[in-house]
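Scroll down for the structure; my scribbles are underneath it.
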Amino acid sequence: MSSSADTKEKIYWVPLESSPEALSKVMHGMGVDKATGFSDVWGLDEELLGMVAQPVRALVFLFPMTDKYVQQRKQYFEGINNNKVSPNVWYMRQTIGNACGTMAIFHALGNNQKDIKIDGELAKFFERVKDMTPDERAAELETTRAMAEAHKEGAADGQTAVPEADANVLHHYVAFVNVDGDL
């Protein structure tokens with residue numbers, strides 16, 4: 001006998017284009033003030049970093065996902081119980097396929113709720129999930145239509161052809177956020 005959890009069909013979202021405009025459109029569609037946005041980082045030397053709007057609250061990074069990365073990530077998470085993580089870190093597990101760009105947005109914003117004006121559906125979402133586990137937050141996201149629509153609108157615009165939602169994407173977004181002095 002199988003439960004409904006055993007037969008649950010995987011949810012996919014259309015992958016986001018790697019552009020500050022796409023990330024910002026998703027974020028603004030969720031309810032973040034338009035004074036907040038993403039910008040490109042062209043390099044890590046002082047001159048190029050000087051071109052980035054301040055203050056910087058998070059870094060969203062897109063990189064090629066190799067077999068080596070997947071193996072190292074698996075090993076990291078197997079040993080994560082040995083790592084001390086601040087209780088102030090806001091985290092949600094990714095269960096929606098190809099939603100890593102929007103997940104990076106959630107993590108960037110979730111860990112900056114005190115510093116960034118968040119209204120609308122995203123504020124409601126953060127309030128609903130504030131006492132949930134990362135897995136419970138993921139389940140809530142799967143059923144939150146407003147977040148899926150904001151993602152869909154951001155994914156529809158761009159300079160490249162929009163792939164299928166279940167496309168095998170070879171790149172992955174992550175967010176780096178300073179919480180209590182740690183990334």
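For the structure tokens, the naming scheme is as follows: chains receive sequential letters (A, B, ...) according to their order of presentation, residues are indexed from 1 within each chain, and ligands are indexed from 1 in presentation order.
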Counting only C-alpha atoms, which residues in segment 113-157 of chain A sit no more than 10 Å from segment 14-18 of chain A? For each one, give the nearest pair of atoms and the distance in Å, sorted by chain then residue number, as a Markdown table.
```
| residue | atom | partner | partner_atom | distance |
| --- | --- | --- | --- | --- |
| A:Ala148 | CA | A:Val14 | CA | 9.9 |
| A:His151 | CA | A:Leu16 | CA | 8.0 |
| A:Lys152 | CA | A:Val14 | CA | 6.9 |
| A:Glu153 | CA | A:Leu16 | CA | 9.9 |
| A:Gly154 | CA | A:Leu16 | CA | 7.1 |
| A:Ala155 | CA | A:Leu16 | CA | 4.8 |
| A:Ala156 | CA | A:Leu16 | CA | 8.3 |
| A:Asp157 | CA | A:Glu17 | CA | 8.2 |
```
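For segment 16-158 of chain A, backbone-based DSSP assignment of strand (DSSP E) covers A:Leu59, A:Val60, A:Phe61, A:Leu62, A:Phe63, A:Pro64.
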Take the residues from that selection and write them out as an mmCIF file, in the first residue's frame, keeping N, CA and C atoms.
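For reference, part-v5.cif as written:
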```cif
data_model
loop_
_atom_site.group_PDB
_atom_site.id
_atom_site.type_symbol
_atom_site.label_atom_id
_atom_site.label_comp_id
_atom_site.auth_asym_id
_atom_site.auth_seq_id
_atom_site.Cartn_x
_atom_site.Cartn_y
_atom_site.Cartn_z
ATOM 1 N N LEU A 59 24.778 37.627 -1.834
ATOM 2 C CA LEU A 59 25.348 37.362 -3.142
ATOM 3 C C LEU A 59 24.675 36.110 -3.684
ATOM 4 N N VAL A 60 24.021 36.242 -4.832
ATOM 5 C CA VAL A 60 23.427 35.092 -5.503
ATOM 6 C C VAL A 60 24.384 34.703 -6.615
ATOM 7 N N PHE A 61 24.787 33.450 -6.596
ATOM 8 C CA PHE A 61 25.849 32.959 -7.472
ATOM 9 C C PHE A 61 25.316 31.814 -8.319
ATOM 10 N N LEU A 62 25.565 31.867 -9.614
ATOM 11 C CA LEU A 62 25.183 30.802 -10.543
ATOM 12 C C LEU A 62 26.448 30.104 -11.010
ATOM 13 N N PHE A 63 26.466 28.784 -10.930
ATOM 14 C CA PHE A 63 27.664 28.034 -11.299
ATOM 15 C C PHE A 63 27.292 26.727 -11.981
ATOM 16 N N PRO A 64 28.225 26.164 -12.756
ATOM 17 C CA PRO A 64 27.956 24.874 -13.399
ATOM 18 C C PRO A 64 27.942 23.757 -12.355
#
```
One decimal place gives the atom CA of Asp182 of chain A-atom CA of Gly101 of chain A separation as 21.6 Å
Non-local contacts of segment 120-125 of chain A (9 Å; only C-alpha atoms; under 2 positions in same chain excluded) as a count of residues only: 16
Please identify which residues in chain A DSSP calls helix (DSSP H, G or I) from the backbone, and express them as a VMD selection string. chain A and resid 20 to 30 46 to 49 67 to 78 80 to 82 100 to 110 120 to 129 134 to 142 145 to 156
Quick one: of A:Val56, A:Lys34, A:Gly181, A:Tyr12, who's nearest to Asp119 of chain A, counting only C-alpha atoms? A:Lys34
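Between atom CA of Asp135 of chain A and atom CA of Arg93 of chain A the interatomic distance comes to 5.6 Å.
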Please determine, counting only C-alpha atoms, which residue among A:Thr95, A:Trp13, A:Ala53, A:Leu183 has the shortest atom-to-atom distance to Ala139 of chain A. A:Thr95
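Between atom CA of Glu21 of chain A and atom CA of Arg137 of chain A the separation is 26.1 Å.
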